[in-house]
Every structure is written in structure tokens, then in C-alpha cells.
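For reference, run06.csv is printed below; it contains CSV, C-alpha atoms.
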```csv
chain,number,residue,atom,x,y,z
A,6,MET,CA,0.0,0.0,0.0
A,7,PHE,CA,1.2,3.5,-0.8
A,8,SER,CA,1.7,5.5,2.4
A,9,THR,CA,0.7,9.1,2.6
A,10,GLN,CA,3.5,11.5,3.5
A,11,THR,CA,1.8,12.2,6.9
A,12,ASP,CA,1.8,8.5,7.7
A,13,ALA,CA,5.3,7.8,6.5
A,14,PHE,CA,6.9,10.6,8.4
A,15,SER,CA,4.8,10.2,11.6
A,16,GLN,CA,7.6,8.2,13.3
A,17,LEU,CA,10.0,11.1,13.0
A,18,ILE,CA,9.1,12.9,16.2
A,19,GLY,CA,10.2,16.3,17.1
A,20,HIS,CA,9.4,20.0,16.9
A,21,ALA,CA,12.9,21.4,16.9
A,22,SER,CA,13.4,23.7,13.8
A,23,SER,CA,16.4,21.6,12.6
A,24,VAL,CA,14.3,18.5,12.6
A,25,ARG,CA,11.3,20.1,10.9
A,26,SER,CA,13.5,21.5,8.2
A,27,VAL,CA,14.9,18.0,7.5
A,28,ILE,CA,11.5,16.5,7.3
A,29,ARG,CA,10.2,19.2,4.9
A,30,THR,CA,13.2,18.6,2.7
A,31,ALA,CA,12.7,14.9,2.8
A,32,GLN,CA,9.0,15.2,1.9
A,33,ILE,CA,9.9,17.3,-1.2
A,34,ALA,CA,12.7,14.8,-2.2
A,35,ALA,CA,10.2,11.9,-1.7
A,36,ALA,CA,8.0,13.3,-4.5
A,37,THR,CA,10.9,13.1,-6.9
A,38,ASP,CA,13.2,10.2,-7.9
A,39,VAL,CA,16.6,11.8,-7.2
A,40,HIS,CA,19.3,10.2,-5.1
A,41,VAL,CA,19.6,11.3,-1.5
A,42,LEU,CA,22.4,11.5,1.0
A,43,ILE,CA,21.6,11.6,4.7
A,44,GLU,CA,24.3,12.7,7.1
A,45,GLY,CA,24.2,12.5,10.9
A,46,GLU,CA,25.8,10.8,14.0
A,47,THR,CA,25.1,7.2,14.8
A,48,GLY,CA,21.7,6.7,16.4
A,49,THR,CA,20.0,9.9,15.0
A,50,GLY,CA,17.5,8.0,12.9
A,51,LYS,CA,19.0,8.0,9.4
A,52,GLU,CA,17.4,4.6,8.3
A,53,LEU,CA,14.0,5.7,9.7
A,54,LEU,CA,14.2,8.8,7.5
A,55,ALA,CA,15.2,6.8,4.5
A,56,ARG,CA,12.3,4.5,5.0
A,57,ALA,CA,9.9,7.5,5.3
A,58,ILE,CA,11.2,8.9,2.0
A,59,GLN,CA,10.7,5.5,0.3
A,60,GLN,CA,7.2,5.1,1.7
A,61,SER,CA,6.2,8.5,0.4
A,62,SER,CA,7.6,7.9,-3.1
A,63,ARG,CA,6.2,6.3,-6.2
A,64,ARG,CA,8.3,3.3,-5.2
A,65,ALA,CA,6.5,2.8,-1.9
A,66,ASP,CA,5.2,-0.7,-2.9
A,67,ARG,CA,8.5,-1.8,-4.4
A,68,PRO,CA,11.5,-3.4,-2.6
A,69,PHE,CA,13.5,-1.5,0.0
A,70,ILE,CA,16.8,-3.2,0.3
A,71,THR,CA,19.2,-2.2,3.1
A,72,VAL,CA,23.0,-2.7,2.8
A,73,ASN,CA,25.4,-1.9,5.7
A,74,CYS,CA,28.5,-0.9,3.8
A,75,ALA,CA,30.6,-1.1,7.0
A,76,ALA,CA,29.7,-4.8,7.3
A,77,LEU,CA,30.6,-5.8,3.7
A,78,PRO,CA,33.7,-8.0,3.5
A,79,VAL,CA,36.2,-6.2,1.2
A,80,GLU,CA,36.8,-9.2,-0.9
A,81,LEU,CA,33.1,-9.9,-1.4
A,82,ALA,CA,31.7,-6.3,-1.5
A,83,GLU,CA,31.4,-6.2,-5.3
A,84,SER,CA,29.7,-9.5,-5.6
A,85,LEU,CA,27.3,-8.8,-2.8
A,86,LEU,CA,26.3,-5.5,-4.3
A,87,PHE,CA,26.2,-6.3,-8.0
A,88,GLY,CA,25.9,-10.1,-8.1
A,89,HIS,CA,28.1,-12.6,-9.9
A,90,GLU,CA,28.1,-15.3,-12.6
A,91,ALA,CA,28.8,-19.0,-12.0
A,92,GLY,CA,32.5,-19.5,-11.9
A,93,ALA,CA,33.3,-15.8,-11.4
A,94,PHE,CA,35.5,-16.8,-8.4
A,95,THR,CA,36.3,-19.9,-6.3
A,96,GLY,CA,33.1,-21.1,-4.7
A,97,ALA,CA,30.8,-19.3,-7.1
A,98,SER,CA,28.9,-22.4,-8.2
A,99,GLU,CA,25.8,-20.6,-9.5
A,100,ARG,CA,24.7,-17.2,-10.8
A,101,ARG,CA,23.5,-14.9,-8.0
A,102,ASN,CA,21.8,-11.6,-7.8
A,103,GLY,CA,23.3,-8.8,-5.6
A,104,SER,CA,21.5,-6.1,-3.6
A,105,VAL,CA,21.3,-3.9,-6.7
A,106,GLN,CA,19.2,-6.5,-8.6
A,107,ALA,CA,17.1,-7.2,-5.5
A,108,ALA,CA,16.2,-3.5,-5.3
A,109,ASP,CA,15.1,-3.4,-9.0
A,110,THR,CA,12.2,-0.9,-9.4
A,111,GLY,CA,12.6,0.0,-5.7
A,112,THR,CA,15.1,1.7,-3.4
A,113,LEU,CA,18.6,0.7,-2.3
A,114,PHE,CA,19.6,2.1,1.1
A,115,LEU,CA,23.4,2.2,1.4
A,116,ASP,CA,24.0,2.7,5.1
A,117,GLU,CA,27.5,3.9,6.2
A,118,ILE,CA,28.4,4.7,2.5
A,119,GLY,CA,31.7,6.1,3.8
A,120,ASP,CA,32.9,2.6,4.5
A,121,LEU,CA,32.3,1.3,1.0
A,122,PRO,CA,35.7,0.0,-0.4
A,123,LEU,CA,37.3,2.6,-2.7
A,124,ALA,CA,37.6,-0.1,-5.4
A,125,VAL,CA,33.8,-0.6,-5.4
A,126,GLN,CA,33.0,3.1,-5.4
A,127,GLY,CA,33.9,3.4,-9.1
A,128,LYS,CA,31.5,0.7,-10.1
A,129,LEU,CA,28.7,2.2,-8.0
A,130,LEU,CA,29.4,5.5,-9.7
A,131,ARG,CA,29.0,3.9,-13.2
A,132,PHE,CA,25.8,2.3,-12.1
A,133,ILE,CA,24.4,5.6,-10.8
A,134,GLU,CA,25.3,7.4,-14.0
A,135,ASN,CA,23.8,5.0,-16.6
A,136,GLY,CA,21.9,2.4,-14.6
A,137,GLU,CA,24.3,-0.4,-15.8
A,138,CYS,CA,24.9,-3.2,-13.4
A,139,HIS,CA,27.9,-5.3,-14.2
A,140,ARG,CA,27.9,-8.7,-12.5
A,141,LEU,CA,31.2,-10.1,-11.4
A,142,GLY,CA,32.4,-12.4,-14.2
A,143,ALA,CA,29.8,-11.1,-16.7
A,144,HIS,CA,30.7,-9.9,-20.2
A,145,THR,CA,27.7,-7.6,-20.7
A,146,PRO,CA,25.9,-5.3,-18.3
A,147,GLU,CA,22.3,-5.3,-17.4
A,148,HIS,CA,20.1,-2.3,-16.7
A,149,VAL,CA,18.4,-2.0,-13.4
A,150,ASP,CA,16.0,0.7,-12.2
A,151,VAL,CA,17.0,1.7,-8.6
A,152,ARG,CA,16.8,4.8,-6.5
A,153,ILE,CA,19.7,5.2,-4.0
A,154,ILE,CA,19.4,6.7,-0.6
A,155,ALA,CA,22.8,6.7,1.1
A,156,ALA,CA,23.7,7.6,4.7
A,157,THR,CA,26.8,8.2,6.7
A,158,HIS,CA,28.0,9.4,10.1
A,159,ARG,CA,31.4,10.3,8.6
A,160,ASN,CA,32.6,13.5,7.1
A,161,LEU,CA,32.7,12.6,3.4
A,162,LEU,CA,34.3,15.9,2.3
A,163,GLU,CA,37.2,15.2,4.7
A,164,MET,CA,37.4,11.7,3.3
A,165,ILE,CA,37.6,13.2,-0.2
A,166,ASP,CA,40.5,15.4,0.8
A,167,GLN,CA,42.2,12.3,2.2
A,168,GLY,CA,41.7,10.3,-0.9
A,169,GLN,CA,39.3,7.8,0.8
A,170,PHE,CA,36.1,8.7,-1.0
A,171,ARG,CA,35.5,9.7,-4.6
A,172,HIS,CA,34.4,13.3,-5.1
A,173,ASP,CA,32.4,12.4,-8.2
A,174,LEU,CA,30.5,9.7,-6.3
A,175,PHE,CA,29.8,12.2,-3.5
A,176,TYR,CA,28.2,14.7,-5.9
A,177,ARG,CA,26.2,12.0,-7.6
A,178,LEU,CA,24.8,10.7,-4.3
A,179,SER,CA,24.1,14.1,-2.7
A,180,VAL,CA,21.6,15.5,-5.3
A,181,VAL,CA,19.6,16.2,-2.1
A,182,ASN,CA,21.7,16.3,1.0
A,183,MET,CA,20.3,16.6,4.6
A,184,ARG,CA,21.7,16.3,8.1
A,185,LEU,CA,19.9,14.8,11.0
A,186,PRO,CA,20.9,16.7,14.2
A,187,PRO,CA,22.2,14.9,17.3
A,188,LEU,CA,19.9,14.7,20.2
A,189,HIS,CA,21.9,17.2,22.3
A,190,GLU,CA,21.0,19.8,19.6
A,191,ARG,CA,17.2,19.1,20.0
A,192,VAL,CA,16.8,18.9,23.8
A,193,ARG,CA,13.2,20.3,23.6
A,194,ASP,CA,12.2,17.1,21.8
A,195,ILE,CA,13.3,14.8,24.6
A,196,PRO,CA,10.0,14.7,26.6
A,197,GLU,CA,8.0,13.9,23.6
A,198,LEU,CA,10.5,11.3,22.4
A,199,ALA,CA,10.7,9.7,25.8
A,200,SER,CA,6.9,9.5,26.1
A,201,HIS,CA,6.6,7.9,22.6
A,202,PHE,CA,9.3,5.3,23.5
A,203,MET,CA,7.7,4.5,26.9
A,204,GLN,CA,4.3,4.0,25.2
A,205,ALA,CA,5.9,1.8,22.5
A,206,ALA,CA,7.8,-0.3,25.1
A,207,ALA,CA,4.6,-0.8,27.2
A,208,THR,CA,2.7,-1.9,24.1
A,209,ARG,CA,5.5,-4.2,22.9
A,210,GLN,CA,6.1,-5.7,26.3
A,211,GLN,CA,2.4,-5.9,27.2
A,212,LYS,CA,3.0,-4.2,30.5
A,213,PRO,CA,1.5,-1.1,32.2
A,214,LEU,CA,2.8,2.3,31.0
A,215,THR,CA,5.9,3.6,32.8
A,216,ARG,CA,6.0,7.4,33.2
A,217,LEU,CA,8.8,9.8,33.9
A,218,SER,CA,8.6,12.5,36.6
A,219,ALA,CA,9.4,16.1,35.8
A,220,ASP,CA,12.7,15.7,37.8
A,221,ALA,CA,13.6,12.7,35.6
A,222,ILE,CA,12.9,14.6,32.5
A,223,HIS,CA,15.1,17.4,33.7
A,224,SER,CA,17.9,14.8,34.2
A,225,LEU,CA,17.4,13.5,30.7
A,226,LYS,CA,17.8,17.0,29.3
A,227,GLN,CA,21.1,17.5,31.1
A,228,TYR,CA,22.7,14.3,29.7
A,229,PRO,CA,24.7,14.7,26.4
A,230,TRP,CA,23.3,11.5,24.7
A,231,PRO,CA,26.4,10.3,22.8
A,232,GLY,CA,24.2,7.5,21.4
A,233,ASN,CA,21.5,9.9,20.4
A,234,VAL,CA,17.8,8.9,19.9
A,235,ARG,CA,18.7,5.2,19.8
A,236,GLU,CA,20.3,5.5,23.3
A,237,LEU,CA,17.2,7.3,24.6
A,238,ARG,CA,14.9,4.6,23.2
A,239,ASN,CA,17.1,1.9,24.8
A,240,LEU,CA,16.9,3.6,28.2
A,241,CYS,CA,13.1,3.9,27.9
A,242,GLU,CA,12.8,0.2,27.1
A,243,HIS,CA,15.1,-0.6,30.1
A,244,VAL,CA,13.1,1.3,32.7
A,245,SER,CA,9.8,0.2,31.2
A,246,ALA,CA,10.9,-3.5,31.5
A,247,LEU,CA,12.2,-3.2,35.0
A,248,MET,CA,9.7,-0.8,36.5
A,249,PRO,CA,6.4,-1.3,34.6
A,250,GLY,CA,3.5,1.0,35.6
A,251,LYS,CA,5.6,3.2,37.9
A,252,LEU,CA,6.4,6.9,38.0
A,253,ILE,CA,10.2,7.1,37.5
A,254,ASP,CA,12.1,9.7,39.5
A,255,SER,CA,15.6,10.9,38.6
A,256,HIS,CA,17.3,8.7,41.3
A,257,GLN,CA,15.8,5.6,39.6
A,258,LEU,CA,17.5,6.3,36.2
A,259,PRO,CA,20.7,4.6,35.2
A,260,LEU,CA,23.8,5.9,36.9
A,261,GLU,CA,25.6,7.0,33.8
A,262,LEU,CA,23.2,9.9,33.4
A,263,PHE,CA,24.7,11.5,36.5
A,264,VAL,CA,28.3,11.0,35.7
A,265,SER,CA,30.0,14.2,34.6
A,266,PRO,CA,31.3,14.5,31.0
A,267,GLN,CA,34.8,14.8,32.3
A,268,LEU,CA,34.5,11.5,34.2
A,269,ARG,CA,32.9,9.8,31.2
A,270,ALA,CA,35.7,10.9,28.9
A,271,SER,CA,38.4,9.9,31.4
A,272,PRO,CA,40.7,7.0,30.2
A,273,GLY,CA,40.3,5.5,33.7
A,274,ARG,CA,43.8,6.3,35.0
A,275,PHE,CA,44.4,9.1,37.5
A,276,SER,CA,47.4,11.4,36.8
A,277,LEU,CA,49.1,12.5,40.0
A,278,PRO,CA,50.1,16.2,39.9
A,279,LYS,CA,53.8,16.9,40.2
A,280,GLU,CA,53.1,18.9,43.4
A,281,GLY,CA,51.3,15.9,44.9
A,282,ILE,CA,47.9,15.7,46.6
A,283,ASN,CA,46.3,15.5,50.1
A,284,MET,CA,44.8,12.0,50.0
A,285,GLU,CA,42.4,12.7,52.9
A,286,SER,CA,41.0,15.9,51.3
A,287,LEU,CA,40.7,14.1,47.9
A,288,GLU,CA,38.8,11.2,49.4
A,289,ALA,CA,36.5,13.6,51.3
A,290,ASP,CA,35.9,15.6,48.1
A,291,LEU,CA,35.1,12.6,46.1
A,292,ILE,CA,32.6,11.4,48.7
A,293,ASN,CA,30.9,14.8,48.6
A,294,GLN,CA,30.7,14.8,44.8
A,295,ALA,CA,29.3,11.2,44.7
A,296,LEU,CA,26.6,12.1,47.3
A,297,GLU,CA,25.7,15.2,45.2
A,298,LEU,CA,25.5,13.3,42.0
A,299,ALA,CA,23.4,10.6,43.6
A,300,ARG,CA,21.3,13.2,45.3
A,301,GLY,CA,22.0,11.9,48.7
A,302,ASN,CA,21.4,8.2,47.9
A,303,LYS,CA,24.3,6.4,49.6
A,304,SER,CA,23.9,3.2,47.6
A,305,ARG,CA,24.1,5.0,44.3
A,306,ALA,CA,27.0,7.2,45.6
A,307,ALA,CA,28.9,4.0,46.5
A,308,LYS,CA,28.4,2.6,43.0
A,309,LEU,CA,29.7,5.8,41.5
A,310,LEU,CA,33.0,5.3,43.4
A,311,GLY,CA,33.1,1.6,42.8
A,312,LEU,CA,32.7,0.8,46.5
A,313,SER,CA,30.4,-1.5,48.4
A,314,ARG,CA,27.8,0.2,50.5
A,315,ASP,CA,29.6,-0.8,53.7
A,316,ALA,CA,32.9,0.5,52.5
A,317,PHE,CA,31.3,3.8,51.5
A,318,LEU,CA,29.5,4.1,54.9
A,319,TYR,CA,32.9,3.5,56.6
A,320,ARG,CA,34.5,6.3,54.7
A,321,ILE,CA,31.5,8.7,55.4
A,322,LYS,CA,32.0,7.9,59.1
A,323,LYS,CA,35.8,8.4,58.8
A,324,HIS,CA,35.3,11.9,57.4
A,325,ASN,CA,32.4,12.7,59.7
A,326,LYS,CA,29.9,13.1,56.8
A,327,SER,CA,26.2,12.8,57.7
```
Show me the file's structure as C-alpha cells.
Amino acid sequence: MFSTQTDAFSQLIGHASSVRSVIRTAQIAAATDVHVLIEGETGTGKELLARAIQQSSRRADRPFITVNCAALPVELAESLLFGHEAGAFTGASERRNGSVQAADTGTLFLDEIGDLPLAVQGKLLRFIENGECHRLGAHTPEHVDVRIIAATHRNLLEMIDQGQFRHDLFYRLSVVNMRLPPLHERVRDIPELASHFMQAAATRQQKPLTRLSADAIHSLKQYPWPGNVRELRNLCEHVSALMPGKLIDSHQLPLELFVSPQLRASPGRFSLPKEGINMESLEADLINQALELARGNKSRAAKLLGLSRDAFLYRIKKHNKS
């Protein structure tokens, strides 16, 4: 069934201007048949956007084939994409189609296009330019009608400068180019996204709806979300599974949300200053910081410091902390 644009893009939740701009561009592109390049960090929803474009296009009822270019073995990439003839290489006992043939009359989604081997990029360029698909081991090409939507988290222009990506392929793919913003650039969308993921998790798990308190939402907004929307979805599924039907407060959220960016980025090895330190003062200060991050919850504070609760309580008593 051909989806309407409203239906197809309904899963792309958000009111941030950067997101709405991307969706408007995608809706316009969907009505055409041009190739599209989607840029954005891992977990921002590039495949979701690609599917929405396909579902709103004239190819909606045709195949949508996904290829993760980062997972293609270098020695088999050409065969997996363009197919091969029997005897084309050792082990090729029969003629086989590749992803390009499988996507005929439909859409080929090339995820992580920046990881496509350089040797295969030229063949992809030729296919985009004239629609000719040349199987490995074949003497004549075949014509295949495929729309390509590519996606990457890498900076392709930098890769071009470094000789790792073809500039002509880049311009062929990016007839329409759009960038999905990371979650930390669209903080205002976090409450709506979290609510949507909680509802979806409850439905999927067949459990009562878990809700987030205003304080918990505030904590979510303070977190930088290195895993983007995907990380938020996983967190919502986690708390929904473990605490179904409850109102979740900030102290019930996973600990990593409260660890400072400096500590998260730390390689795990403390560098002793040349002038030395006061060990007692350092320990007392770390206890204070842990209690503050854990909002007074001693068990959570102990986990932040990698201590058992008893060991932590001993250190509190040692430093006369309440």
C-alpha cells in the first residue's frame, strides 16, 4: 500500500526547527526520484528517515533493500552488491543476484556509505550514471532501475581530501543532502520522544505504562546523549521493562546519566600532579561529589565510586559526613 506523507513521516518525532527542516526537505525529495544523502551521527534515525522517504515515493510498494557498507567484506563487496556469474571466483557455483538486482524498481539504502571500499565506489558511480549493473564475471551489463538513498556518520568531504572517497560519487549521491541533528541539539524534543518510546515499550512488552517525573525529564535534558535517539529509546525500554507502571524519578534512572562528561571521557587512569595531593582531602571531596551526583542516595553514591555500601559508609564515618 502506498503510504501518505503524513503516515510515512509520523515516526520522525520532534518540533525542533532543525528536525522540521529536514522533514520538509525529505518530503519534497520523496516526491521526486533523485538520489539522497543523509548525514548524521550514529543513532540519529537515518534509516528511519530513509524508509519514510521511500514510503512516500512512487516506489512505496516496491523493494526497499538495506546494505550496511561497514559490514561488507572487502573481498566480497562487489559480488554482494552487483551479483556474480557462476565460476566468477572460487566457490561461485551458481549465478546470483546482488543487492542492486534485489532492489530493482525500488530503493537501495546504502548505510554507512563512507565505509564502502574505494575499489567498489567506481563501479557504484558507473551504475548511478547510466543504470548499468555489471555482475562479477559477466561480459555484458544489465540495466536496473534503482533509486539510491545513502547515509553516513562520517565527514565525506574530509574523506575526499584524504583520498578515501570519490568526489564524483559524492556529488552523484548528494543531489539532495540533509543532516539529522544529534539529540543534544534538540533537547526540547526529549520529553515527547521519551513519552513515545515509553508507550511503544509498554505496548510491545504488554506491560503497564511507565512514566517519567518532571525531575527525571530534567535529568534526561542534562545528559549529552552520545548514542542519540537510539540511546534514549534503549533507556526507555530498560526502565519500562524493570519498573512497569511506575512513575520514575531521577534517582531511579541509570547511573551513567549522572556522571560528569569529564569522568565519562576519562581514560580510567588518574594522573598524579607533580606537586602531589592531600589524600584525605581528595577522598572527602570525592565522597561529597558522589553524594551530590546521587542526590544523597548512599547506595548510588557508593556505586559511582566503585565501592560496596559498607565500605562507603565507613568512609563517610571516617570523614564525619552525615
Discussion item. Can you tell me which residues surround stretch 315-318 of chain A at a distance of at most 9 Å, considering all atoms listed in the file, apart from same-chain residues fewer than 5 positions away, and format the answer as a list in words?
Written reply: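 Contacts, in chain order: Ile292, Lys303, Ser304, Ala306, Ala307, Leu310 and Lys323 of chain A.
In this model, the gap between atom CA of A:Ala156 and atom CA of A:Gly168 comes to 19.0 Å.
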Worksheet entry | Residue nearest A:Val24 - candidates A:Arg209, A:His172, A:His324, A:Arg191, atoms counted: only C-alpha atoms |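 Smallest distance to A:Val24 is found for A:Arg191.
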Worksheet item: When you draw a straight line from atom CA of A:Thr37 to atom CA of A:Ile58, how long is it in Å?
Response: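 About the pair atom CA of A:Thr37 and atom CA of A:Ile58: they are 9.8 Å apart.
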Fill in: Atomic separation - atom CA of A:Gln106 relative to atom CA of A:Thr71, Å
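Going from atom CA of A:Thr71 over to atom CA of A:Gln106, I get 12.5 Å.
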